[in-house]
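Structure data follow from entry-v5.tsv (TSV, C-alpha atoms):
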chain	number	residue	atom	x	y	z
A	8	MET	CA	0.00	0.00	0.00
A	9	GLN	CA	2.77	2.38	0.91
A	10	LEU	CA	4.64	1.35	-2.23
A	11	GLU	CA	1.65	2.22	-4.40
A	12	LYS	CA	1.32	5.54	-2.64
A	13	ARG	CA	4.99	6.29	-3.21
A	14	LYS	CA	4.62	5.43	-6.89
A	15	LYS	CA	1.69	7.82	-7.24
A	16	ILE	CA	3.60	10.60	-5.47
A	17	LEU	CA	6.61	9.97	-7.70
A	18	LEU	CA	4.43	9.98	-10.81
A	19	VAL	CA	2.77	13.24	-9.77
A	20	ALA	CA	6.19	14.74	-9.08
A	21	LEU	CA	7.52	13.60	-12.44
A	22	VAL	CA	4.49	15.00	-14.24
A	23	SER	CA	4.76	18.27	-12.34
A	24	ILE	CA	8.46	18.55	-13.15
A	25	SER	CA	7.77	17.74	-16.80
A	26	VAL	CA	5.03	20.36	-16.98
A	27	LEU	CA	7.28	22.87	-15.26
A	28	ALA	CA	10.16	22.03	-17.56
A	29	ILE	CA	7.96	22.38	-20.63
A	30	SER	CA	6.54	25.64	-19.30
A	31	MET	CA	10.01	26.99	-18.56
A	32	THR	CA	11.27	25.88	-21.96
A	33	PHE	CA	8.34	27.59	-23.64
A	34	TYR	CA	8.85	30.70	-21.54
A	35	PHE	CA	12.53	30.94	-22.35
A	36	TYR	CA	11.79	30.29	-26.01
A	37	GLN	CA	9.31	33.15	-25.93
A	38	VAL	CA	11.76	35.43	-24.16
A	39	PHE	CA	14.58	34.73	-26.62
A	40	PHE	CA	12.90	34.04	-29.95
A	41	SER	CA	9.42	35.59	-30.05
A	42	PRO	CA	9.00	39.02	-31.70
A	43	ASN	CA	9.41	41.85	-29.20
A	44	THR	CA	9.56	44.93	-31.41
A	45	LEU	CA	6.51	47.04	-32.12
A	46	ILE	CA	7.82	48.46	-35.39
A	47	GLU	CA	5.32	48.77	-38.19
A	48	LYS	CA	5.96	46.83	-41.39
A	49	ASP	CA	8.40	48.50	-43.79
A	50	GLN	CA	9.07	51.27	-41.29
A	51	PRO	CA	12.27	50.45	-39.41
A	52	TYR	CA	13.29	52.39	-36.33
A	53	TYR	CA	16.76	53.90	-36.13
A	54	LEU	CA	18.30	53.86	-32.70
A	55	LYS	CA	21.05	56.36	-31.90
A	56	ILE	CA	23.28	55.28	-29.04
A	57	PRO	CA	25.49	58.24	-28.07
A	58	THR	CA	29.11	57.70	-27.10
A	59	GLY	CA	29.39	56.85	-23.39
A	60	SER	CA	25.86	55.45	-23.07
A	61	VAL	CA	25.06	52.71	-20.57
A	62	PHE	CA	22.55	49.88	-20.96
A	63	LYS	CA	19.85	51.57	-18.87
A	64	THR	CA	19.88	54.49	-21.32
A	65	VAL	CA	19.42	52.13	-24.25
A	66	SER	CA	16.64	50.04	-22.72
A	67	SER	CA	14.78	53.12	-21.45
A	68	GLN	CA	14.88	54.76	-24.85
A	69	LEU	CA	13.60	51.64	-26.59
A	70	TYR	CA	10.73	51.25	-24.14
A	71	GLU	CA	9.79	54.93	-23.98
A	72	ASP	CA	9.77	55.19	-27.77
A	73	GLN	CA	7.55	52.10	-27.85
A	74	VAL	CA	10.08	50.14	-29.88
A	75	ILE	CA	10.02	47.07	-27.63
A	76	ASN	CA	6.98	45.52	-26.02
A	77	ASP	CA	8.61	43.90	-22.99
A	78	ALA	CA	11.57	45.74	-21.47
A	79	LEU	CA	12.07	43.06	-18.79
A	80	SER	CA	12.59	40.22	-21.25
A	81	PHE	CA	14.89	42.42	-23.37
A	82	SER	CA	16.99	43.20	-20.29
A	83	PHE	CA	17.12	39.50	-19.35
A	84	VAL	CA	18.42	38.45	-22.77
A	85	ALA	CA	20.89	41.34	-22.75
A	86	LYS	CA	22.20	40.12	-19.39
A	87	VAL	CA	22.54	36.53	-20.58
A	88	LEU	CA	24.41	37.61	-23.71
A	89	ASP	CA	26.69	40.00	-21.77
A	90	TYR	CA	25.45	43.05	-23.65
A	91	GLN	CA	24.67	45.12	-20.57
A	92	GLU	CA	28.37	45.72	-19.99
A	93	ALA	CA	29.29	46.02	-23.67
A	94	VAL	CA	27.13	48.81	-25.07
A	95	LYS	CA	28.55	50.15	-28.33
A	96	PRO	CA	27.65	53.64	-29.60
A	97	GLY	CA	26.31	54.13	-33.10
A	98	LEU	CA	23.24	54.15	-35.31
A	99	TYR	CA	21.30	50.88	-35.47
A	100	ARG	CA	18.38	49.78	-37.59
A	101	ILE	CA	15.64	47.93	-35.73
A	102	ASP	CA	13.29	45.99	-37.98
A	103	PRO	CA	9.68	44.85	-37.46
A	104	LYS	CA	9.12	41.66	-35.45
A	105	MET	CA	12.70	41.32	-34.27
A	106	SER	CA	13.19	38.95	-31.36
A	107	ASN	CA	15.18	39.88	-28.29
A	108	ILE	CA	18.07	37.67	-29.31
A	109	GLU	CA	18.19	39.19	-32.80
A	110	LEU	CA	18.12	42.71	-31.43
A	111	VAL	CA	20.68	42.12	-28.70
A	112	ARG	CA	23.05	40.34	-31.08
A	113	ARG	CA	22.86	43.27	-33.51
A	114	LEU	CA	23.57	45.82	-30.80
A	115	ARG	CA	26.28	43.75	-29.14
A	116	ALA	CA	28.07	43.21	-32.46
A	117	GLY	CA	28.04	46.94	-33.18
A	118	ASP	CA	26.26	46.16	-36.45
A	119	GLN	CA	25.60	49.78	-37.40
A	120	VAL	CA	24.10	51.30	-40.52
A	121	PRO	CA	26.13	54.07	-42.20
A	122	VAL	CA	24.86	57.60	-42.72
A	123	LYS	CA	25.34	59.79	-45.76
A	124	VAL	CA	27.43	62.92	-45.32
A	125	THR	CA	27.06	65.50	-48.09
A	126	PHE	CA	28.60	68.94	-48.26
A	127	ASN	CA	28.84	71.44	-51.12
A	128	ASN	CA	28.35	75.15	-51.79
A	129	VAL	CA	30.62	75.93	-48.84
A	130	ARG	CA	32.39	79.28	-48.56
A	131	THR	CA	33.70	79.36	-44.98
A	132	LYS	CA	35.08	77.06	-42.34
A	133	GLU	CA	31.97	77.69	-40.24
A	134	GLU	CA	29.70	76.57	-43.08
A	135	LEU	CA	31.78	73.45	-43.60
A	136	ALA	CA	31.58	72.53	-39.90
A	137	GLU	CA	27.78	72.91	-39.99
A	138	LYS	CA	27.20	70.92	-43.17
A	139	ILE	CA	29.65	68.09	-42.60
A	140	THR	CA	28.23	67.28	-39.16
A	141	ALA	CA	24.53	67.51	-40.10
A	142	ASN	CA	24.05	63.71	-39.91
A	143	LEU	CA	26.74	62.91	-37.35
A	144	GLU	CA	26.99	62.73	-33.57
A	145	VAL	CA	29.96	65.13	-33.53
A	146	ASN	CA	28.98	68.78	-33.25
A	147	PRO	CA	30.12	71.66	-35.50
A	148	ASP	CA	32.20	73.34	-32.78
A	149	GLN	CA	34.39	70.24	-32.45
A	150	ILE	CA	35.13	70.24	-36.18
A	151	LEU	CA	35.66	74.00	-36.33
A	152	SER	CA	38.08	73.80	-33.42
A	153	LEU	CA	40.24	71.29	-35.31
A	154	ILE	CA	40.02	73.21	-38.60
A	155	GLN	CA	41.44	76.23	-36.78
A	156	ASP	CA	44.08	74.22	-34.91
A	157	SER	CA	47.31	74.89	-36.81
A	158	VAL	CA	49.19	72.18	-34.92
A	159	PHE	CA	46.56	69.51	-35.61
A	160	ILE	CA	46.15	70.24	-39.32
A	161	ARG	CA	49.90	70.31	-39.85
A	162	LYS	CA	49.97	66.52	-39.56
A	163	PHE	CA	47.95	66.41	-42.78
A	164	ASP	CA	50.46	68.80	-44.38
A	165	PHE	CA	48.02	71.72	-44.52
A	166	GLU	CA	48.00	75.25	-43.17
A	167	GLU	CA	45.08	77.31	-41.85
A	168	GLU	CA	44.81	79.02	-45.25
A	169	THR	CA	44.77	75.79	-47.26
A	170	ILE	CA	42.98	73.29	-45.00
A	171	LEU	CA	39.65	73.74	-46.81
A	172	SER	CA	41.17	72.18	-49.93
A	173	MET	CA	41.49	68.87	-48.06
A	174	PHE	CA	37.70	68.53	-48.08
A	175	ILE	CA	36.47	67.37	-51.49
A	176	PRO	CA	32.71	68.10	-51.81
A	177	ASN	CA	30.84	64.86	-52.39
A	178	THR	CA	28.56	62.36	-50.66
A	179	TYR	CA	30.29	59.95	-48.30
A	180	GLU	CA	29.14	57.09	-46.08
A	181	LEU	CA	30.38	57.22	-42.49
A	182	TRP	CA	29.42	55.80	-39.12
A	183	TRP	CA	27.13	58.14	-37.20
A	184	ASN	CA	29.46	58.13	-34.17
A	185	THR	CA	32.61	58.96	-36.16
A	186	SER	CA	34.76	61.22	-33.99
A	187	ALA	CA	36.01	64.66	-35.07
A	188	GLU	CA	39.52	63.27	-35.48
A	189	GLY	CA	38.17	60.23	-37.33
A	190	LEU	CA	36.30	62.52	-39.71
A	191	PHE	CA	39.52	64.37	-40.56
A	192	ASP	CA	41.30	61.07	-41.14
A	193	ARG	CA	38.56	59.94	-43.52
A	194	MET	CA	38.55	63.22	-45.46
A	195	TYR	CA	42.31	63.04	-45.79
A	196	ARG	CA	42.05	59.52	-47.23
A	197	GLU	CA	39.45	60.77	-49.70
A	198	TYR	CA	41.73	63.67	-50.61
A	199	GLN	CA	44.60	61.28	-51.27
A	200	ALA	CA	42.33	59.03	-53.32
A	201	PHE	CA	41.23	61.99	-55.45
A	202	TRP	CA	44.77	63.11	-56.15
A	203	THR	CA	45.80	60.21	-58.33
A	204	GLU	CA	49.13	60.18	-60.15
A	205	GLU	CA	47.32	61.24	-63.31
A	206	ARG	CA	45.84	64.32	-61.63
A	207	LYS	CA	49.17	65.19	-60.00
A	208	GLN	CA	50.86	65.02	-63.39
A	209	LYS	CA	48.20	67.30	-64.89
A	210	ALA	CA	48.74	69.79	-62.07
A	211	GLN	CA	52.49	69.69	-62.63
A	212	ALA	CA	51.98	70.25	-66.35
A	213	ILE	CA	50.25	73.60	-65.68
A	214	GLY	CA	52.79	74.56	-63.03
A	215	LEU	CA	50.59	74.14	-59.97
A	216	THR	CA	50.59	72.03	-56.82
A	217	PRO	CA	47.38	70.22	-55.76
A	218	LYS	CA	46.75	72.94	-53.16
A	219	GLU	CA	47.19	75.66	-55.79
A	220	VAL	CA	44.80	73.82	-58.11
A	221	SER	CA	42.20	73.93	-55.33
A	222	THR	CA	42.78	77.65	-54.82
A	223	LEU	CA	42.41	78.46	-58.51
A	224	ALA	CA	39.42	76.10	-58.81
A	225	SER	CA	37.68	77.98	-55.99
A	226	ILE	CA	38.05	81.24	-57.95
A	227	VAL	CA	36.84	79.62	-61.17
A	228	GLN	CA	33.84	78.17	-59.36
A	229	ALA	CA	32.96	81.55	-57.85
A	230	GLU	CA	33.20	83.18	-61.29
A	231	SER	CA	30.67	80.93	-63.01
A	232	GLN	CA	27.75	78.70	-62.15
A	233	LYS	CA	28.01	77.25	-65.65
A	234	ALA	CA	30.11	74.12	-65.36
A	235	ASP	CA	30.64	73.89	-69.11
A	236	GLU	CA	32.62	77.15	-69.31
A	237	ARG	CA	34.81	76.76	-66.24
A	238	ALA	CA	37.66	75.14	-68.19
A	239	LYS	CA	37.74	78.21	-70.46
A	240	ILE	CA	37.80	80.57	-67.45
A	241	ALA	CA	40.59	78.51	-65.92
A	242	GLY	CA	42.52	78.97	-69.16
A	243	VAL	CA	42.20	82.77	-68.85
A	244	TYR	CA	43.68	82.78	-65.37
A	245	LEU	CA	46.51	80.46	-66.37
A	246	ASN	CA	47.29	82.77	-69.29
A	247	ARG	CA	47.51	85.71	-66.88
A	248	MET	CA	49.73	83.81	-64.49
A	249	LYS	CA	52.12	82.88	-67.30
A	250	ILE	CA	52.90	86.53	-68.03
A	251	GLY	CA	52.88	87.66	-64.38
A	252	MET	CA	49.63	89.57	-64.74
A	253	ALA	CA	47.46	90.01	-61.67
A	254	LEU	CA	44.48	87.66	-61.67
A	255	GLN	CA	42.08	90.55	-60.99
A	256	ALA	CA	39.40	88.11	-59.84
A	257	ASP	CA	36.37	89.87	-58.39
A	258	PRO	CA	35.35	86.89	-56.17
A	259	THR	CA	38.62	87.28	-54.24
A	260	LEU	CA	37.61	90.85	-53.37
A	261	VAL	CA	34.26	89.63	-52.10
A	262	TYR	CA	36.14	87.15	-49.92
A	263	ALA	CA	38.60	89.80	-48.76
A	264	ALA	CA	35.73	92.14	-47.88
A	265	GLY	CA	34.01	89.35	-45.96
A	266	ASP	CA	30.68	90.41	-47.47
A	267	PHE	CA	29.15	87.68	-49.63
A	268	THR	CA	26.17	89.89	-50.44
A	269	LEU	CA	28.26	92.13	-52.73
A	270	LYS	CA	26.81	92.13	-56.24
A	271	ARG	CA	29.02	94.72	-57.91
A	272	ILE	CA	32.71	95.35	-57.32
A	273	LEU	CA	33.67	99.01	-57.10
A	274	ASN	CA	37.07	100.71	-57.21
A	275	ILE	CA	36.99	101.08	-53.42
A	276	HIS	CA	36.95	97.29	-53.08
A	277	LYS	CA	40.09	97.06	-55.21
A	278	GLU	CA	41.97	98.98	-52.53
A	279	ILE	CA	41.27	96.46	-49.75
A	280	ASP	CA	44.50	95.59	-47.95
A	281	SER	CA	44.42	91.79	-48.03
A	282	PRO	CA	46.54	88.96	-49.45
A	283	TYR	CA	43.27	87.84	-51.12
A	284	ASN	CA	43.10	91.05	-53.13
A	285	THR	CA	44.17	89.76	-56.55
A	286	TYR	CA	44.08	93.27	-58.01
A	287	LYS	CA	46.90	94.46	-55.74
A	288	ASN	CA	48.78	91.15	-55.51
A	289	THR	CA	50.00	88.98	-58.34
A	290	GLY	CA	49.71	85.20	-58.29
A	291	LEU	CA	47.26	83.09	-56.36
A	292	PRO	CA	45.84	84.08	-52.96
A	293	PRO	CA	47.02	82.12	-49.88
A	294	GLY	CA	44.22	79.55	-50.10
A	295	PRO	CA	40.80	78.71	-51.55
A	296	ILE	CA	37.95	81.19	-51.19
A	297	ASN	CA	35.39	78.37	-51.09
A	298	LEU	CA	35.25	74.59	-51.36
A	299	PRO	CA	35.72	73.87	-55.07
A	300	ASP	CA	33.75	70.86	-56.27
A	301	ILE	CA	35.14	68.06	-58.41
A	302	ASN	CA	33.92	69.71	-61.60
A	303	SER	CA	35.83	72.90	-60.78
A	304	LEU	CA	38.98	70.99	-59.84
A	305	ASN	CA	38.87	69.05	-63.08
A	306	ALA	CA	38.20	72.27	-65.00
A	307	VAL	CA	41.54	73.63	-63.83
A	308	LEU	CA	43.35	70.36	-64.44
A	309	ASN	CA	41.87	70.25	-67.95
A	310	ALA	CA	41.92	73.98	-68.61
A	311	GLU	CA	41.30	75.06	-72.20
A	312	LYS	CA	44.32	76.28	-74.12
A	313	HIS	CA	43.46	79.52	-75.88
A	314	GLN	CA	44.58	83.16	-76.21
A	315	TYR	CA	41.86	84.79	-74.12
A	316	MET	CA	43.07	87.17	-71.42
A	317	TYR	CA	39.76	88.67	-70.33
A	318	PHE	CA	36.15	87.71	-69.74
A	319	CYS	CA	33.01	89.55	-68.73
A	320	ALA	CA	29.45	88.51	-67.95
A	321	LYS	CA	27.24	88.53	-71.02
A	322	GLU	CA	24.67	91.27	-71.29
A	323	ASP	CA	21.85	88.74	-71.74
A	324	PHE	CA	22.19	87.73	-68.05
A	325	SER	CA	22.41	84.08	-69.11
A	326	GLY	CA	25.16	83.42	-66.61
A	327	TYR	CA	27.68	82.84	-69.38
A	328	HIS	CA	30.65	85.07	-70.20
A	329	ALA	CA	32.02	86.89	-73.23
A	330	PHE	CA	35.75	86.27	-73.72
A	331	ALA	CA	38.31	88.62	-75.25
A	332	VAL	CA	41.93	88.48	-76.34
A	333	THR	CA	42.64	92.21	-76.18
A	334	TYR	CA	41.77	94.79	-73.57
A	335	ASN	CA	39.86	96.89	-76.10
A	336	GLU	CA	37.66	93.91	-76.95
A	337	HIS	CA	37.10	93.39	-73.26
A	338	LEU	CA	36.11	97.03	-72.74
A	339	ALA	CA	33.50	96.71	-75.48
A	340	ASN	CA	32.07	93.61	-73.79
A	341	ALA	CA	32.12	95.33	-70.41
A	342	ARG	CA	30.30	98.40	-71.76
A	343	ARG	CA	27.52	96.23	-73.16
A	344	TYR	CA	27.15	94.47	-69.82
A	345	GLN	CA	27.24	97.77	-67.91
A	346	ALA	CA	24.53	99.20	-70.16
A	347	ALA	CA	22.37	96.12	-69.54
A	348	LEU	CA	22.82	96.52	-65.76
A	349	ASN	CA	21.84	100.18	-65.92
A	350	ALA	CA	18.83	99.40	-68.08
A	351	ALA	CA	17.71	96.75	-65.63
A	352	LYS	CA	18.41	99.17	-62.75
A	353	ILE	CA	20.76	96.74	-61.04
A	354	PHE	CA	23.18	98.63	-58.85
I need this file expressed as structure tokens, please.
Amino acid sequence: MQLEKRKKILLVALVSISVLAISMTFYFYQVFFSPNTLIEKDQPYYLKIPTGSVFKTVSSQLYEDQVINDALSFSFVAKVLDYQEAVKPGLYRIDPKMSNIELVRRLRAGDQVPVKVTFNNVRTKEELAEKITANLEVNPDQILSLIQDSVFIRKFDFEEETILSMFIPNTYELWWNTSAEGLFDRMYREYQAFWTEERKQKAQAIGLTPKEVSTLASIVQAESQKADERAKIAGVYLNRMKIGMALQADPTLVYAAGDFTLKRILNIHKEIDSPYNTYKNTGLPPGPINLPDINSLNAVLNAEKHQYMYFCAKEDFSGYHAFAVTYNEHLANARRYQAALNAAKIF
């Protein structure tokens, strides 16, 4: 009788243990492998984890933004997989119906998505700092501080006047948490990649260094919005440089004046005391007056060979220029343009 009773107790115990084991197995399966993200279909969530963040910051953000359904189970899986002590900063894509184990593995591995960094139409260091950091964790002041740090930029073989030429306007993919120093390293690699042996040889053929090409390209770019005539304009400036003639580039006076709203250059502007005044100084100014784009750089490297020494905006306001070999021809072009300005009452 006692034996039968013991068997029944044992059987009940075994059944209870089995049920408990099955329940625990199912529970742990649910915790690890069942979907725990509330993301709508085809609308991923992008999680930014700032540098220096701890796990509590991450889990709180996910729960408060209603990205995860169960913060407790997420924290449990993170603990089991040792993620709580190994938070990595960056930008992460969280997809619909991700399980805790999928999400934690992605975050623990630092499996980031890159961001696109685009900058163009830049005239000053301040503008560059603003545009280049628009999609990054680093703030503009950090970049501007390094741009103005003569000791730091010297390791890239640039000076304060020429450092802008290291930044080639384009669209790049970077990690969101790229540091200020890391950003400079990447831009320097892109600069080196741009300046191939072929481009260096072309620069040498026209008597310029890569930095000088950037400086001249910045002037050419400021002179014309029409990409298809920039090579011709570059040819004019190279012709002037060959005979030691001052460049007499109006955009350099705008830069020297520090007033980008200037529409017409007057004689008073030609008297500005600045190394960027190319009416008073021969040769190129100390550095670029903007960030020349690839088209402008290539326009200088592939400058047209011709006899033109002068150019003036066309009187039809098309944005194109009239070119002249002699000064008298240039004066005739200039008078037509001046008359058009007066007729249109543009002062």
Env of segment 55-59 of chain A: 12 Å cut, atoms = only C-alpha atoms, seq-sep filter 5 positions within chain, self excluded. Answer as a PyMOL selection string.
chain A and resi 64-69+92-101+114-115+117+119-122+142-145+182-186
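Checking A:Ile108, A:Met316, A:Ala350, A:Ile213 one by one against Asn335 of chain A, counting all atoms listed in the file, you find the shortest gap at A:Met316.
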Extract, using only C-alpha atoms, all DNA, RNA and protein residues at most 6 Å from Phe81 of chain A, discarding same-chain residues fewer than 3 positions from it, and format them as JSON, numbers by chain.
{"A": [78, 84, 107]}
Could you name the residues that touch Thr285 of chain A at 12 Å or less, counting only C-alpha atoms, but leaving out those on the same chain fewer than 5 positions away, as a short mmCIF file (atom, residue, chain, number, x, y, z; two decimals) with C-alpha atoms, in the frame of the given file?
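Produced file selection.cif, reproduced below:
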data_model
loop_
_atom_site.label_atom_id
_atom_site.label_comp_id
_atom_site.auth_asym_id
_atom_site.auth_seq_id
_atom_site.Cartn_x
_atom_site.Cartn_y
_atom_site.Cartn_z
CA LEU A 223 42.41 78.46 -58.51
CA ILE A 226 38.05 81.24 -57.95
CA TYR A 244 43.68 82.78 -65.37
CA ARG A 247 47.51 85.71 -66.88
CA MET A 248 49.73 83.81 -64.49
CA GLY A 251 52.88 87.66 -64.38
CA MET A 252 49.63 89.57 -64.74
CA ALA A 253 47.46 90.01 -61.67
CA LEU A 254 44.48 87.66 -61.67
CA GLN A 255 42.08 90.55 -60.99
CA ALA A 256 39.40 88.11 -59.84
CA ASP A 257 36.37 89.87 -58.39
CA PRO A 258 35.35 86.89 -56.17
CA THR A 259 38.62 87.28 -54.24
CA LEU A 260 37.61 90.85 -53.37
CA VAL A 261 34.26 89.63 -52.10
CA TYR A 262 36.14 87.15 -49.92
CA ALA A 263 38.60 89.80 -48.76
CA HIS A 276 36.95 97.29 -53.08
CA LYS A 277 40.09 97.06 -55.21
CA GLU A 278 41.97 98.98 -52.53
CA ILE A 279 41.27 96.46 -49.75
CA ASP A 280 44.50 95.59 -47.95
CA GLY A 290 49.71 85.20 -58.29
CA LEU A 291 47.26 83.09 -56.36
CA PRO A 292 45.84 84.08 -52.96
CA PRO A 293 47.02 82.12 -49.88
CA ILE A 296 37.95 81.19 -51.19
#
With distances taken over only C-alpha atoms, which residue among A:Gln314, A:Ser231, A:Gln199, A:Ser225 lies nearest Leu245 of chain A?
A:Gln314
Using all atoms listed in the file, which residue out of A:Asp77, A:Glu166, A:Pro217, A:Ala187 lies closest to Asn146 of chain A?
A:Ala187
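Counting from atom CA of Gln149 of chain A, the distance to atom CA of Glu137 of chain A is 10.4 Å.
Between atom CA of Tyr198 of chain A and atom CA of Ile175 of chain A lies a distance of 6.5 Å.
Distances here use only C-alpha atoms; by that measure, the residue among A:Gln345, A:Asn288, A:Ser303, A:Thr203 closest to Arg271 of chain A is A:Gln345.
Reported to one decimal place, the separation of atom CA of Val74 of chain A from atom CA of Tyr53 of chain A is 9.9 Å.
Comparing A:Lys209, A:Lys104, A:Arg112, A:Arg342 by their smallest distance to Leu88 of chain A, the closest is A:Arg112 (using all atoms listed in the file).
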Among listed residues A:Glu167, A:Ser281, A:Phe318, A:Lys239, nearest Leu338 of chain A (using only C-alpha atoms)
A:Phe318
Write segment 59-66 of chain A as a CSV table (one decimal), in the coordinates of the input, completed to all heavy atoms.
chain,number,residue,atom,x,y,z
A,59,GLY,N,29.4,56.8,-24.9
A,59,GLY,CA,29.4,56.8,-23.4
A,59,GLY,C,28.1,56.4,-22.8
A,59,GLY,O,27.9,56.4,-21.6
A,60,SER,N,27.2,55.9,-23.6
A,60,SER,CA,25.9,55.4,-23.1
A,60,SER,C,26.0,54.2,-22.3
A,60,SER,O,26.9,53.3,-22.6
A,60,SER,CB,24.9,55.3,-24.2
A,60,SER,OG,24.5,56.5,-24.9
A,61,VAL,N,25.1,54.0,-21.3
A,61,VAL,CA,25.1,52.7,-20.6
A,61,VAL,C,23.8,52.0,-21.0
A,61,VAL,O,22.9,52.5,-21.6
A,61,VAL,CB,25.1,53.0,-19.0
A,61,VAL,CG1,26.4,53.6,-18.7
A,61,VAL,CG2,23.9,53.9,-18.6
A,62,PHE,N,23.7,50.7,-20.5
A,62,PHE,CA,22.6,49.9,-21.0
A,62,PHE,C,21.2,50.5,-20.5
A,62,PHE,O,20.2,50.4,-21.3
A,62,PHE,CB,22.7,48.5,-20.4
A,62,PHE,CG,21.5,47.6,-20.7
A,62,PHE,CD1,21.4,47.1,-22.0
A,62,PHE,CD2,20.6,47.3,-19.8
A,62,PHE,CE1,20.3,46.3,-22.3
A,62,PHE,CE2,19.5,46.5,-20.1
A,62,PHE,CZ,19.3,46.0,-21.4
A,63,LYS,N,21.1,51.0,-19.3
A,63,LYS,CA,19.8,51.6,-18.9
A,63,LYS,C,19.3,52.6,-19.8
A,63,LYS,O,18.1,52.7,-20.1
A,63,LYS,CB,20.0,52.1,-17.5
A,63,LYS,CG,18.7,52.6,-16.9
A,63,LYS,CD,18.9,53.1,-15.4
A,63,LYS,CE,17.6,53.6,-14.9
A,63,LYS,NZ,17.7,54.1,-13.5
A,64,THR,N,20.3,53.4,-20.4
A,64,THR,CA,19.9,54.5,-21.3
A,64,THR,C,19.3,53.9,-22.6
A,64,THR,O,18.2,54.4,-23.1
A,64,THR,CB,21.1,55.3,-21.7
A,64,THR,OG1,21.7,55.9,-20.5
A,64,THR,CG2,20.7,56.5,-22.6
A,65,VAL,N,19.9,52.8,-23.0
A,65,VAL,CA,19.4,52.1,-24.2
A,65,VAL,C,18.0,51.5,-24.0
A,65,VAL,O,17.1,51.7,-24.8
A,65,VAL,CB,20.4,51.1,-24.7
A,65,VAL,CG1,19.9,50.3,-25.9
A,65,VAL,CG2,21.8,51.7,-25.0
A,66,SER,N,17.9,50.7,-23.0
A,66,SER,CA,16.6,50.0,-22.7
A,66,SER,C,15.5,51.0,-22.5
A,66,SER,O,14.4,50.8,-22.9
A,66,SER,CB,16.8,49.1,-21.5
A,66,SER,OG,17.2,49.8,-20.4
